[in-house]
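Participant: upload-v4.cif (mmCIF, N, CA and C atoms) pasted underneath:
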```cif
data_target
loop_
_atom_site.label_atom_id
_atom_site.label_comp_id
_atom_site.auth_asym_id
_atom_site.auth_seq_id
_atom_site.Cartn_x
_atom_site.Cartn_y
_atom_site.Cartn_z
N MET A 1 117.21 138.21 0.35
CA MET A 1 117.51 137.91 -1.03
C MET A 1 118.91 137.25 -1.15
N TYR A 2 119.90 137.83 -0.48
CA TYR A 2 121.25 137.25 -0.51
C TYR A 2 121.53 136.52 0.79
N SER A 3 122.31 135.44 0.70
CA SER A 3 122.70 134.69 1.90
C SER A 3 123.67 135.52 2.74
N GLU A 4 123.84 135.10 3.98
CA GLU A 4 124.80 135.78 4.86
C GLU A 4 126.22 135.70 4.29
N LYS A 5 126.55 134.55 3.68
CA LYS A 5 127.90 134.39 3.10
C LYS A 5 128.12 135.34 1.94
N VAL A 6 127.10 135.52 1.09
CA VAL A 6 127.23 136.46 -0.03
C VAL A 6 127.47 137.87 0.53
N MET A 7 126.68 138.25 1.52
CA MET A 7 126.83 139.58 2.11
C MET A 7 128.20 139.75 2.76
N ASP A 8 128.69 138.70 3.43
CA ASP A 8 129.99 138.77 4.07
C ASP A 8 131.11 138.96 3.04
N HIS A 9 131.05 138.20 1.94
CA HIS A 9 132.09 138.32 0.91
C HIS A 9 131.96 139.62 0.12
N PHE A 10 130.76 140.19 0.08
CA PHE A 10 130.60 141.50 -0.57
C PHE A 10 131.13 142.61 0.33
N GLU A 11 130.78 142.55 1.60
CA GLU A 11 131.18 143.61 2.53
C GLU A 11 132.64 143.49 2.97
N HIS A 12 133.18 142.27 2.98
CA HIS A 12 134.56 142.02 3.40
C HIS A 12 135.23 141.08 2.40
N PRO A 13 135.40 141.54 1.15
CA PRO A 13 135.98 140.63 0.14
C PRO A 13 137.41 140.22 0.48
N ARG A 14 137.71 138.96 0.18
CA ARG A 14 139.04 138.41 0.40
C ARG A 14 139.86 138.51 -0.88
N ASN A 15 141.16 138.67 -0.72
CA ASN A 15 142.10 138.59 -1.85
C ASN A 15 141.91 139.67 -2.92
N VAL A 16 141.55 140.87 -2.50
CA VAL A 16 141.39 141.97 -3.45
C VAL A 16 142.77 142.52 -3.81
N GLY A 17 142.96 142.84 -5.07
CA GLY A 17 144.21 143.47 -5.49
C GLY A 17 144.79 142.84 -6.73
N GLU A 18 146.07 143.12 -6.95
CA GLU A 18 146.79 142.61 -8.11
C GLU A 18 148.04 141.88 -7.64
N ILE A 19 148.55 141.00 -8.49
CA ILE A 19 149.84 140.35 -8.24
C ILE A 19 150.76 140.79 -9.37
N GLU A 20 151.85 141.48 -8.99
CA GLU A 20 152.83 141.88 -10.00
C GLU A 20 153.51 140.64 -10.55
N ASN A 21 153.76 140.64 -11.84
CA ASN A 21 154.41 139.49 -12.50
C ASN A 21 153.68 138.18 -12.20
N ALA A 22 152.36 138.22 -12.27
CA ALA A 22 151.54 137.05 -12.00
C ALA A 22 151.86 135.93 -12.98
N SER A 23 151.71 134.69 -12.51
CA SER A 23 151.91 133.52 -13.37
C SER A 23 150.84 133.47 -14.46
N GLY A 24 149.64 133.92 -14.11
CA GLY A 24 148.53 133.94 -15.05
C GLY A 24 147.53 135.01 -14.66
N VAL A 25 147.00 135.71 -15.67
CA VAL A 25 145.99 136.74 -15.44
C VAL A 25 144.84 136.46 -16.40
N GLY A 26 143.64 136.44 -15.86
CA GLY A 26 142.47 136.21 -16.71
C GLY A 26 141.46 137.32 -16.51
N THR A 27 140.98 137.89 -17.62
CA THR A 27 139.97 138.93 -17.56
C THR A 27 138.79 138.50 -18.40
N VAL A 28 137.63 138.52 -17.79
CA VAL A 28 136.39 138.20 -18.52
C VAL A 28 135.35 139.24 -18.16
N GLY A 29 134.40 139.37 -19.06
CA GLY A 29 133.33 140.34 -18.83
C GLY A 29 132.01 139.80 -19.29
N ASN A 30 130.99 140.54 -18.96
CA ASN A 30 129.64 140.21 -19.37
C ASN A 30 129.03 141.48 -19.93
N ALA A 31 128.97 141.56 -21.26
CA ALA A 31 128.50 142.78 -21.92
C ALA A 31 127.06 143.13 -21.54
N LYS A 32 126.25 142.13 -21.25
CA LYS A 32 124.84 142.39 -20.94
C LYS A 32 124.66 143.12 -19.62
N CYS A 33 125.50 142.79 -18.61
CA CYS A 33 125.32 143.43 -17.30
C CYS A 33 126.45 144.40 -16.97
N GLY A 34 127.54 144.37 -17.74
CA GLY A 34 128.64 145.30 -17.52
C GLY A 34 129.68 144.86 -16.51
N ASP A 35 129.54 143.65 -15.94
CA ASP A 35 130.52 143.17 -14.96
C ASP A 35 131.82 142.80 -15.66
N ILE A 36 132.94 143.14 -15.02
CA ILE A 36 134.26 142.76 -15.51
C ILE A 36 135.03 142.19 -14.33
N MET A 37 135.64 141.03 -14.54
CA MET A 37 136.36 140.34 -13.47
C MET A 37 137.76 139.99 -13.96
N ARG A 38 138.75 140.30 -13.12
CA ARG A 38 140.14 139.95 -13.45
C ARG A 38 140.72 139.16 -12.28
N ILE A 39 141.29 137.99 -12.60
CA ILE A 39 141.91 137.13 -11.58
C ILE A 39 143.41 137.02 -11.87
N PHE A 40 144.20 137.16 -10.81
CA PHE A 40 145.66 137.05 -10.88
C PHE A 40 146.08 135.81 -10.10
N LEU A 41 146.90 134.95 -10.72
CA LEU A 41 147.38 133.74 -10.05
C LEU A 41 148.89 133.77 -9.92
N ASP A 42 149.38 133.36 -8.75
CA ASP A 42 150.81 133.13 -8.52
C ASP A 42 150.96 131.63 -8.31
N ILE A 43 151.54 130.95 -9.31
CA ILE A 43 151.65 129.50 -9.29
C ILE A 43 153.12 129.11 -9.18
N ASP A 44 153.43 128.25 -8.22
CA ASP A 44 154.83 127.87 -8.02
C ASP A 44 155.25 126.77 -9.01
N ASP A 45 156.51 126.34 -8.92
CA ASP A 45 157.06 125.36 -9.86
C ASP A 45 156.40 123.99 -9.74
N ASP A 46 155.73 123.73 -8.63
CA ASP A 46 155.03 122.46 -8.44
C ASP A 46 153.57 122.53 -8.92
N GLY A 47 153.17 123.66 -9.50
CA GLY A 47 151.81 123.80 -9.98
C GLY A 47 150.80 124.09 -8.88
N ILE A 48 151.29 124.65 -7.77
CA ILE A 48 150.39 125.00 -6.65
C ILE A 48 150.11 126.50 -6.70
N ILE A 49 148.85 126.86 -6.56
CA ILE A 49 148.47 128.28 -6.54
C ILE A 49 148.80 128.84 -5.16
N ARG A 50 149.91 129.56 -5.10
CA ARG A 50 150.40 130.11 -3.82
C ARG A 50 149.64 131.36 -3.41
N ASP A 51 149.23 132.16 -4.41
CA ASP A 51 148.48 133.37 -4.10
C ASP A 51 147.53 133.65 -5.25
N VAL A 52 146.46 134.33 -4.93
CA VAL A 52 145.45 134.69 -5.92
C VAL A 52 144.82 136.00 -5.47
N LYS A 53 144.61 136.89 -6.43
CA LYS A 53 143.98 138.18 -6.16
C LYS A 53 142.94 138.44 -7.26
N PHE A 54 142.04 139.36 -6.96
CA PHE A 54 141.06 139.72 -7.98
C PHE A 54 140.76 141.20 -7.96
N LYS A 55 140.30 141.68 -9.11
CA LYS A 55 139.74 143.02 -9.24
C LYS A 55 138.45 142.84 -10.03
N THR A 56 137.36 143.32 -9.47
CA THR A 56 136.07 143.17 -10.13
C THR A 56 135.36 144.51 -10.18
N PHE A 57 134.81 144.79 -11.35
CA PHE A 57 133.94 145.94 -11.53
C PHE A 57 132.56 145.37 -11.77
N GLY A 58 131.68 145.54 -10.81
CA GLY A 58 130.35 144.98 -10.99
C GLY A 58 129.51 145.08 -9.73
N CYS A 59 128.45 144.33 -9.73
CA CYS A 59 127.49 144.35 -8.63
C CYS A 59 128.03 143.59 -7.41
N GLY A 60 127.30 143.64 -6.33
CA GLY A 60 127.69 142.96 -5.10
C GLY A 60 127.89 141.47 -5.29
N ALA A 61 127.04 140.84 -6.09
CA ALA A 61 127.16 139.40 -6.33
C ALA A 61 128.44 139.09 -7.11
N ALA A 62 128.83 139.98 -8.01
CA ALA A 62 130.08 139.77 -8.77
C ALA A 62 131.28 139.85 -7.84
N VAL A 63 131.26 140.81 -6.91
CA VAL A 63 132.35 140.94 -5.93
C VAL A 63 132.38 139.69 -5.04
N ALA A 64 131.22 139.27 -4.56
CA ALA A 64 131.15 138.11 -3.66
C ALA A 64 131.62 136.83 -4.35
N THR A 65 131.22 136.61 -5.61
CA THR A 65 131.64 135.39 -6.31
C THR A 65 133.14 135.43 -6.61
N SER A 66 133.68 136.61 -6.91
CA SER A 66 135.13 136.74 -7.13
C SER A 66 135.88 136.37 -5.86
N SER A 67 135.42 136.93 -4.75
CA SER A 67 136.06 136.69 -3.45
C SER A 67 136.02 135.21 -3.10
N MET A 68 134.87 134.57 -3.24
CA MET A 68 134.74 133.16 -2.91
C MET A 68 135.57 132.30 -3.85
N ALA A 69 135.57 132.61 -5.14
CA ALA A 69 136.34 131.83 -6.12
C ALA A 69 137.83 131.86 -5.77
N THR A 70 138.34 133.02 -5.35
CA THR A 70 139.76 133.09 -5.00
C THR A 70 140.04 132.24 -3.76
N GLU A 71 139.12 132.22 -2.83
CA GLU A 71 139.29 131.39 -1.63
C GLU A 71 139.31 129.90 -1.99
N LEU A 72 138.49 129.53 -2.97
CA LEU A 72 138.38 128.12 -3.36
C LEU A 72 139.61 127.59 -4.09
N VAL A 73 140.36 128.47 -4.78
CA VAL A 73 141.52 127.99 -5.54
C VAL A 73 142.85 128.18 -4.81
N LYS A 74 142.88 129.04 -3.82
CA LYS A 74 144.14 129.31 -3.10
C LYS A 74 144.66 128.04 -2.44
N GLY A 75 145.95 127.74 -2.70
CA GLY A 75 146.58 126.56 -2.11
C GLY A 75 146.32 125.28 -2.88
N LYS A 76 145.52 125.35 -3.92
CA LYS A 76 145.18 124.17 -4.72
C LYS A 76 146.16 124.00 -5.88
N THR A 77 146.16 122.79 -6.45
CA THR A 77 146.93 122.56 -7.66
C THR A 77 146.16 123.14 -8.84
N VAL A 78 146.85 123.26 -9.96
CA VAL A 78 146.21 123.74 -11.18
C VAL A 78 145.02 122.84 -11.53
N GLN A 79 145.21 121.52 -11.44
CA GLN A 79 144.11 120.58 -11.77
C GLN A 79 142.94 120.73 -10.80
N GLU A 80 143.23 120.94 -9.51
CA GLU A 80 142.15 121.14 -8.54
C GLU A 80 141.40 122.44 -8.85
N ALA A 81 142.13 123.46 -9.25
CA ALA A 81 141.50 124.74 -9.60
C ALA A 81 140.57 124.58 -10.81
N MET A 82 140.94 123.68 -11.71
CA MET A 82 140.09 123.41 -12.88
C MET A 82 138.72 122.86 -12.46
N GLN A 83 138.65 122.23 -11.29
CA GLN A 83 137.41 121.62 -10.82
C GLN A 83 136.47 122.63 -10.14
N VAL A 84 136.94 123.86 -9.94
CA VAL A 84 136.10 124.88 -9.31
C VAL A 84 135.12 125.40 -10.36
N THR A 85 133.87 124.99 -10.22
CA THR A 85 132.83 125.37 -11.17
C THR A 85 131.97 126.49 -10.60
N ASN A 86 131.13 127.05 -11.45
CA ASN A 86 130.21 128.08 -10.97
C ASN A 86 129.28 127.50 -9.91
N LYS A 87 128.92 126.22 -10.04
CA LYS A 87 128.05 125.58 -9.04
C LYS A 87 128.76 125.49 -7.69
N ALA A 88 130.07 125.17 -7.72
CA ALA A 88 130.85 125.10 -6.48
C ALA A 88 130.91 126.47 -5.81
N VAL A 89 131.07 127.52 -6.61
CA VAL A 89 131.11 128.89 -6.07
C VAL A 89 129.76 129.23 -5.45
N MET A 90 128.68 128.90 -6.16
CA MET A 90 127.33 129.19 -5.63
C MET A 90 127.05 128.42 -4.34
N GLU A 91 127.42 127.14 -4.33
CA GLU A 91 127.20 126.32 -3.13
C GLU A 91 127.99 126.87 -1.95
N ALA A 92 129.23 127.29 -2.19
CA ALA A 92 130.07 127.84 -1.12
C ALA A 92 129.47 129.13 -0.56
N LEU A 93 128.71 129.83 -1.39
CA LEU A 93 128.06 131.08 -0.95
C LEU A 93 126.63 130.85 -0.45
N ASP A 94 126.24 129.58 -0.32
CA ASP A 94 124.86 129.24 0.08
C ASP A 94 123.83 129.77 -0.91
N GLY A 95 124.19 129.77 -2.18
CA GLY A 95 123.25 130.12 -3.23
C GLY A 95 123.28 131.56 -3.66
N LEU A 96 122.73 131.79 -4.86
CA LEU A 96 122.57 133.12 -5.44
C LEU A 96 121.18 133.22 -6.03
N PRO A 97 120.60 134.43 -6.06
CA PRO A 97 119.32 134.59 -6.75
C PRO A 97 119.49 134.23 -8.23
N PRO A 98 118.46 133.68 -8.86
CA PRO A 98 118.57 133.27 -10.27
C PRO A 98 119.13 134.35 -11.20
N VAL A 99 118.77 135.61 -10.97
CA VAL A 99 119.25 136.68 -11.85
C VAL A 99 120.73 136.98 -11.64
N LYS A 100 121.35 136.38 -10.63
CA LYS A 100 122.77 136.63 -10.34
C LYS A 100 123.66 135.41 -10.59
N VAL A 101 123.09 134.33 -11.12
CA VAL A 101 123.86 133.11 -11.39
C VAL A 101 125.00 133.40 -12.37
N HIS A 102 124.78 134.35 -13.30
CA HIS A 102 125.82 134.67 -14.28
C HIS A 102 127.11 135.15 -13.61
N CYS A 103 127.01 135.71 -12.41
CA CYS A 103 128.21 136.17 -11.69
C CYS A 103 129.10 134.98 -11.33
N SER A 104 128.49 133.86 -10.97
CA SER A 104 129.29 132.68 -10.63
C SER A 104 129.94 132.11 -11.90
N LEU A 105 129.26 132.22 -13.03
CA LEU A 105 129.85 131.79 -14.30
C LEU A 105 131.06 132.65 -14.63
N LEU A 106 130.94 133.94 -14.36
CA LEU A 106 132.04 134.87 -14.60
C LEU A 106 133.25 134.47 -13.76
N ALA A 107 133.02 134.09 -12.51
CA ALA A 107 134.12 133.67 -11.62
C ALA A 107 134.81 132.43 -12.16
N GLU A 108 134.03 131.44 -12.59
CA GLU A 108 134.61 130.22 -13.16
C GLU A 108 135.42 130.54 -14.41
N GLU A 109 134.86 131.37 -15.28
CA GLU A 109 135.55 131.71 -16.53
C GLU A 109 136.81 132.53 -16.27
N ALA A 110 136.80 133.39 -15.25
CA ALA A 110 137.98 134.20 -14.94
C ALA A 110 139.12 133.30 -14.44
N ILE A 111 138.79 132.30 -13.62
CA ILE A 111 139.80 131.34 -13.17
C ILE A 111 140.38 130.61 -14.38
N HIS A 112 139.51 130.13 -15.25
CA HIS A 112 139.97 129.40 -16.43
C HIS A 112 140.80 130.29 -17.34
N ALA A 113 140.42 131.56 -17.48
CA ALA A 113 141.18 132.49 -18.32
C ALA A 113 142.58 132.72 -17.74
N ALA A 114 142.68 132.82 -16.41
CA ALA A 114 143.98 133.00 -15.76
C ALA A 114 144.83 131.74 -15.93
N LEU A 115 144.21 130.57 -15.82
CA LEU A 115 144.93 129.31 -16.03
C LEU A 115 145.39 129.19 -17.49
N TRP A 116 144.56 129.64 -18.42
CA TRP A 116 144.92 129.62 -19.84
C TRP A 116 146.15 130.50 -20.07
N ASP A 117 146.14 131.69 -19.48
CA ASP A 117 147.28 132.61 -19.61
C ASP A 117 148.55 131.97 -19.05
N TYR A 118 148.42 131.34 -17.89
CA TYR A 118 149.55 130.63 -17.27
C TYR A 118 150.08 129.54 -18.21
N ALA A 119 149.18 128.74 -18.76
CA ALA A 119 149.57 127.64 -19.66
C ALA A 119 150.27 128.18 -20.91
N GLN A 120 149.76 129.30 -21.44
CA GLN A 120 150.38 129.91 -22.63
C GLN A 120 151.79 130.39 -22.31
N LYS A 121 151.96 131.03 -21.15
CA LYS A 121 153.27 131.55 -20.75
C LYS A 121 154.27 130.41 -20.53
N LYS A 122 153.79 129.28 -19.99
CA LYS A 122 154.65 128.14 -19.67
C LYS A 122 154.83 127.20 -20.86
N GLY A 123 153.99 127.36 -21.88
CA GLY A 123 154.05 126.46 -23.02
C GLY A 123 153.58 125.06 -22.69
N ILE A 124 152.57 124.98 -21.81
CA ILE A 124 152.03 123.68 -21.39
C ILE A 124 150.55 123.59 -21.76
N VAL A 125 150.03 122.37 -21.68
CA VAL A 125 148.61 122.14 -21.91
C VAL A 125 148.01 121.68 -20.58
N ILE A 126 146.92 122.30 -20.19
CA ILE A 126 146.21 121.89 -18.98
C ILE A 126 144.99 121.08 -19.44
N GLU A 127 144.97 119.83 -19.04
CA GLU A 127 143.92 118.93 -19.49
C GLU A 127 142.53 119.48 -19.15
N GLY A 128 141.66 119.53 -20.16
CA GLY A 128 140.29 119.97 -19.97
C GLY A 128 140.09 121.47 -20.09
N LEU A 129 141.18 122.23 -20.26
CA LEU A 129 141.08 123.68 -20.35
C LEU A 129 140.92 124.12 -21.79
N GLU A 130 139.90 124.93 -22.05
CA GLU A 130 139.65 125.45 -23.39
C GLU A 130 139.95 126.94 -23.41
N LYS A 131 140.24 127.45 -24.60
CA LYS A 131 140.52 128.89 -24.76
C LYS A 131 139.30 129.67 -24.23
N PRO A 132 139.56 130.62 -23.34
CA PRO A 132 138.44 131.35 -22.74
C PRO A 132 137.81 132.36 -23.70
N LYS A 133 136.56 132.68 -23.40
CA LYS A 133 135.85 133.72 -24.11
C LYS A 133 136.08 135.02 -23.34
N SER A 134 136.18 136.12 -24.04
CA SER A 134 136.37 137.39 -23.34
C SER A 134 135.03 137.88 -22.77
N ASP A 135 133.93 137.45 -23.41
CA ASP A 135 132.60 137.81 -22.94
C ASP A 135 131.84 136.51 -22.73
N ILE A 136 131.32 136.29 -21.53
CA ILE A 136 130.66 135.01 -21.26
C ILE A 136 129.37 134.82 -22.04
N HIS A 137 128.92 135.86 -22.74
CA HIS A 137 127.72 135.70 -23.56
C HIS A 137 128.02 135.33 -24.99
N GLU A 138 129.31 135.22 -25.37
CA GLU A 138 129.67 134.80 -26.73
C GLU A 138 129.03 133.46 -27.03
N GLY A 139 128.34 133.39 -28.16
CA GLY A 139 127.75 132.13 -28.58
C GLY A 139 126.38 131.86 -27.99
N GLU A 140 125.96 132.65 -27.01
CA GLU A 140 124.64 132.41 -26.41
C GLU A 140 123.50 132.65 -27.39
N GLU A 141 123.65 133.67 -28.22
CA GLU A 141 122.58 134.00 -29.17
C GLU A 141 122.28 132.81 -30.06
N GLN A 142 123.35 132.15 -30.53
CA GLN A 142 123.18 130.99 -31.39
C GLN A 142 122.52 129.85 -30.61
N GLU A 143 122.93 129.64 -29.37
CA GLU A 143 122.33 128.59 -28.55
C GLU A 143 120.84 128.84 -28.36
N GLU A 144 120.47 130.11 -28.12
CA GLU A 144 119.07 130.45 -27.90
C GLU A 144 118.24 130.17 -29.16
N GLU A 145 118.83 130.43 -30.35
CA GLU A 145 118.10 130.21 -31.60
C GLU A 145 117.87 128.73 -31.87
N GLU A 146 118.71 127.87 -31.31
CA GLU A 146 118.61 126.44 -31.59
C GLU A 146 117.44 125.78 -30.88
N TYR A 147 116.88 126.44 -29.87
CA TYR A 147 115.78 125.82 -29.11
C TYR A 147 114.44 126.30 -29.58
#
```
Will you turn the file into C-alpha coordinates for me?
Facilitator:
Amino acid sequence: MYSEKVMDHFEHPRNVGEIENASGVGTVGNAKCGDIMRIFLDIDDDGIIRDVKFKTFGCGAAVATSSMATELVKGKTVQEAMQVTNKAVMEALDGLPPVKVHCSLLAEEAIHAALWDYAQKKGIVIEGLEKPKSDIHEGEEQEEEEY
(Lines of atoms letter the chains of each structure in order from A and count residues from 1; the text may use other names and numbers.)
(Lines give C-alpha, C1' and ligand atoms only; values in the text may rest on other atoms or scores of the structure.)
Protein backbone atom coordinates (compact mmCIF):
# COMPACT_ATOMS: atom_id res chain seq x y z
CA MET A 1 0.00 0.00 0.00
CA TYR A 2 2.80 2.45 0.91
CA SER A 3 6.03 2.90 -1.05
CA GLU A 4 9.39 2.04 0.51
CA LYS A 5 10.18 5.77 0.73
CA VAL A 6 6.96 6.48 2.65
CA MET A 7 7.76 3.67 5.07
CA ASP A 8 11.36 4.89 5.45
CA HIS A 9 10.27 8.47 6.25
CA PHE A 10 7.62 7.16 8.65
CA GLU A 11 9.96 4.79 10.48
CA HIS A 12 12.99 7.14 10.37
CA PRO A 13 11.60 10.68 10.05
CA ARG A 14 14.09 13.44 9.30
CA ASN A 15 14.18 16.85 10.97
CA VAL A 16 11.87 16.08 13.90
CA GLY A 17 11.72 18.68 16.64
CA GLU A 18 11.44 22.41 17.21
CA ILE A 19 13.62 25.42 16.47
CA GLU A 20 13.79 27.96 19.28
CA ASN A 21 13.28 31.51 18.05
CA ALA A 22 12.39 30.21 14.59
CA SER A 23 12.24 32.68 11.70
CA GLY A 24 8.81 31.29 10.84
CA VAL A 25 6.43 28.74 12.35
CA GLY A 26 3.42 27.36 10.53
CA THR A 27 0.72 25.17 12.03
CA VAL A 28 -2.05 23.63 9.98
CA GLY A 29 -4.57 20.94 10.66
CA ASN A 30 -7.20 18.83 9.05
CA ALA A 31 -10.35 18.67 11.16
CA LYS A 32 -11.75 15.74 9.18
CA CYS A 33 -8.85 13.37 9.94
CA GLY A 34 -7.37 15.03 13.04
CA ASP A 35 -3.84 15.51 11.64
CA ILE A 36 -1.91 18.54 12.88
CA MET A 37 1.41 19.60 11.37
CA ARG A 38 3.79 22.30 12.59
CA ILE A 39 6.85 23.40 10.59
CA PHE A 40 9.68 25.53 12.01
CA LEU A 41 12.00 27.45 9.66
CA ASP A 42 15.38 29.03 10.38
CA ILE A 43 16.00 31.49 7.54
CA ASP A 44 19.23 33.46 7.26
CA ASP A 45 19.65 37.10 6.12
CA ASP A 46 20.06 35.95 2.51
CA GLY A 47 16.66 34.22 2.54
CA ILE A 48 18.14 30.71 2.68
CA ILE A 49 16.42 28.08 4.82
CA ARG A 50 19.34 26.97 7.00
CA ASP A 51 17.33 24.59 9.17
CA VAL A 52 13.83 23.18 9.29
CA LYS A 53 12.08 20.99 11.84
CA PHE A 54 8.61 19.57 12.20
CA LYS A 55 6.20 18.20 14.76
CA THR A 56 3.25 16.22 13.45
CA PHE A 57 0.35 14.60 15.21
CA GLY A 58 -1.23 12.20 12.78
CA CYS A 59 -1.03 9.03 10.77
CA GLY A 60 2.08 7.48 9.23
CA ALA A 61 1.50 9.27 5.93
CA ALA A 62 1.32 12.63 7.74
CA VAL A 63 4.66 11.93 9.44
CA ALA A 64 6.23 10.78 6.15
CA THR A 65 5.01 13.83 4.18
CA SER A 66 6.23 16.18 6.94
CA SER A 67 9.64 14.51 6.90
CA MET A 68 9.94 14.64 3.10
CA ALA A 69 8.70 18.26 2.91
CA THR A 70 11.40 19.37 5.36
CA GLU A 71 14.03 17.59 3.28
CA LEU A 72 12.78 19.33 0.13
CA VAL A 73 13.03 22.87 1.55
CA LYS A 74 16.24 22.60 3.59
CA GLY A 75 19.02 24.68 2.02
CA LYS A 76 16.62 26.30 -0.45
CA THR A 77 15.73 29.95 -0.86
CA VAL A 78 12.34 31.22 0.27
CA GLN A 79 11.23 31.39 -3.41
CA GLU A 80 12.41 27.82 -4.05
CA ALA A 81 10.51 26.66 -0.97
CA MET A 82 7.38 28.28 -2.42
CA GLN A 83 7.68 25.87 -5.36
CA VAL A 84 7.43 22.78 -3.13
CA THR A 85 3.91 21.55 -3.86
CA ASN A 86 1.96 18.61 -2.53
CA LYS A 87 2.61 16.91 -5.89
CA ALA A 88 6.38 17.37 -5.42
CA VAL A 89 6.12 15.83 -1.94
CA MET A 90 4.10 12.88 -3.29
CA GLU A 91 6.51 12.33 -6.19
CA ALA A 92 9.50 12.42 -3.83
CA LEU A 93 7.79 9.71 -1.77
CA ASP A 94 6.99 7.61 -4.88
CA GLY A 95 3.29 8.26 -4.41
CA LEU A 96 0.60 8.03 -1.75
CA PRO A 97 -2.66 6.09 -1.65
CA PRO A 98 -5.58 8.31 -2.79
CA VAL A 99 -7.04 8.44 0.74
CA LYS A 100 -3.73 9.90 2.01
CA VAL A 101 -3.20 12.65 -0.60
CA HIS A 102 -4.53 15.19 1.93
CA CYS A 103 -1.38 14.60 4.01
CA SER A 104 0.77 16.00 1.20
CA LEU A 105 -1.54 19.03 1.01
CA LEU A 106 -1.04 19.51 4.74
CA ALA A 107 2.75 19.51 4.22
CA GLU A 108 2.52 22.14 1.46
CA GLU A 109 0.21 24.31 3.56
CA ALA A 110 2.44 24.00 6.65
CA ILE A 111 5.46 25.21 4.65
CA HIS A 112 3.42 28.13 3.31
CA ALA A 113 2.11 28.94 6.81
CA ALA A 114 5.68 29.03 8.17
CA LEU A 115 6.76 31.26 5.26
CA TRP A 116 3.76 33.53 5.93
CA ASP A 117 4.79 33.82 9.60
CA TYR A 118 8.36 34.65 8.51
CA ALA A 119 7.10 37.32 6.08
CA GLN A 120 4.87 38.85 8.77
CA LYS A 121 7.77 39.00 11.26
CA LYS A 122 10.09 40.56 8.65
CA GLY A 123 7.46 42.92 7.24
CA ILE A 124 8.02 41.59 3.71
CA VAL A 125 5.85 40.20 0.94
CA ILE A 126 6.70 36.84 -0.59
CA GLU A 127 5.48 36.75 -4.17
CA GLY A 128 2.70 34.20 -4.69
CA LEU A 129 2.18 33.54 -0.97
CA GLU A 130 -1.37 33.81 0.35
CA LYS A 131 -2.56 33.93 3.95
CA PRO A 132 -2.75 30.31 5.09
CA LYS A 133 -5.84 28.51 6.29
CA SER A 134 -5.62 26.96 9.74
CA ASP A 135 -7.69 24.00 8.50
CA ILE A 136 -7.03 22.71 4.99
CA HIS A 137 -10.73 21.90 4.62
CA GLU A 138 -11.81 25.57 4.96
CA GLY A 139 -13.89 26.46 1.93
CA GLU A 140 -14.16 22.89 0.66
CA GLU A 141 -17.85 22.62 1.53
CA GLN A 142 -18.61 25.58 -0.71
CA GLU A 143 -16.48 24.15 -3.53
CA GLU A 144 -18.32 20.82 -3.29
CA GLU A 145 -21.71 22.59 -3.52
CA GLU A 146 -20.67 24.37 -6.71
CA TYR A 147 -20.36 21.15 -8.70
Participant: To one decimal place in Å, what is the distance between atom N of Ala61 in chain A and atom N of Met82 in chain A?
Facilitator: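 Those two atoms sit 22.8 Å apart.
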Participant: Compile the contact shell of Asp35 in chain A as a VMD selection string: residues with an atom at most 6 Å away, counting only N, CA and C atoms, same-chain residues fewer than 5 positions apart removed.
Facilitator: chain A and resid 28 to 30 57 to 59
Participant: Evaluated on this file, the PyMOL selection byres ((chain A and resi 103-105) around 6) picks out some residues - which ones are they, written as number ranges by chain?
Facilitator: A: 61-62, 65, 86, 90, 100-102, 106-110
Participant: Can you check which parts of range 31-52 of chain A lie within 9 Å of range 8-26 of chain A? Per residue, the shortest pair of atoms and distance in Å to one decimal, counting only C-alpha atoms, sorted by chain and number, as CSV.
Facilitator:
```
residue,atom,partner,partner_atom,distance
A:Met37,CA,A:Gly26,CA,8.1
A:Arg38,CA,A:Gly26,CA,5.5
A:Ile39,CA,A:Gly26,CA,5.2
A:Phe40,CA,A:Val25,CA,4.6
A:Leu41,CA,A:Gly24,CA,5.1
A:Asp42,CA,A:Ser23,CA,5.0
A:Ile43,CA,A:Ser23,CA,5.7
A:Asp44,CA,A:Ser23,CA,8.3
A:Asp51,CA,A:Ile19,CA,8.2
A:Val52,CA,A:Asn15,CA,6.6
```
Participant: Could you tell me how far CA of Asp135 in chain A lies from CA of Ser3 in chain A, in Å and to one decimal?
Facilitator: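 According to the coordinates, CA of Asp135 in chain A and CA of Ser3 in chain A are separated by 26.9 Å.
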Participant: Record the distance separating atom N of Ala113 in chain A and CA of Val99 in chain A, expressed in Å with one decimal.
Facilitator: 22.5 Å
Participant: So, with all atoms listed in the file as the atoms that count, which of A:Ala64, A:Ile136, A:Ala81, A:Leu96 lies closest to Ile111 in chain A?
Facilitator: A:Ala81
Participant: Listed atoms of range 20-29 of chain A, axis-aligned box, 6 Å per side: centre and edge lengths to one decimal in Å, as AutoDock Vina command-line options?
Facilitator:
```
--center_x 143.2 --center_y 137.7 --center_z -14.1 --size_x 34.4 --size_y 20.4 --size_z 22.3
```
Participant: Show which residues sit within 8 Å of Gln79 in chain A, as an MDAnalysis selection string. Count all atoms listed in the file, and ignore same-chain residues fewer than 5 positions away.
Facilitator: chainID A and resid 47:48 84 126:127
Participant: Take the point (144.9, 125.8, -23.9) as written in the file and pick out every residue within 6.5 Å of it, counting only N, CA and C atoms; give the list as a ChimeraX atom specification.
Facilitator: /A:116,120,124-126,129-131
Participant: Using DSSP secondary structure from the backbone, list all alpha helix (DSSP H) positions within chain A, as a VMD selection string.
Facilitator: chain A and resid 4 to 11 60 to 73 78 to 82 86 to 92 101 to 122 140 to 146
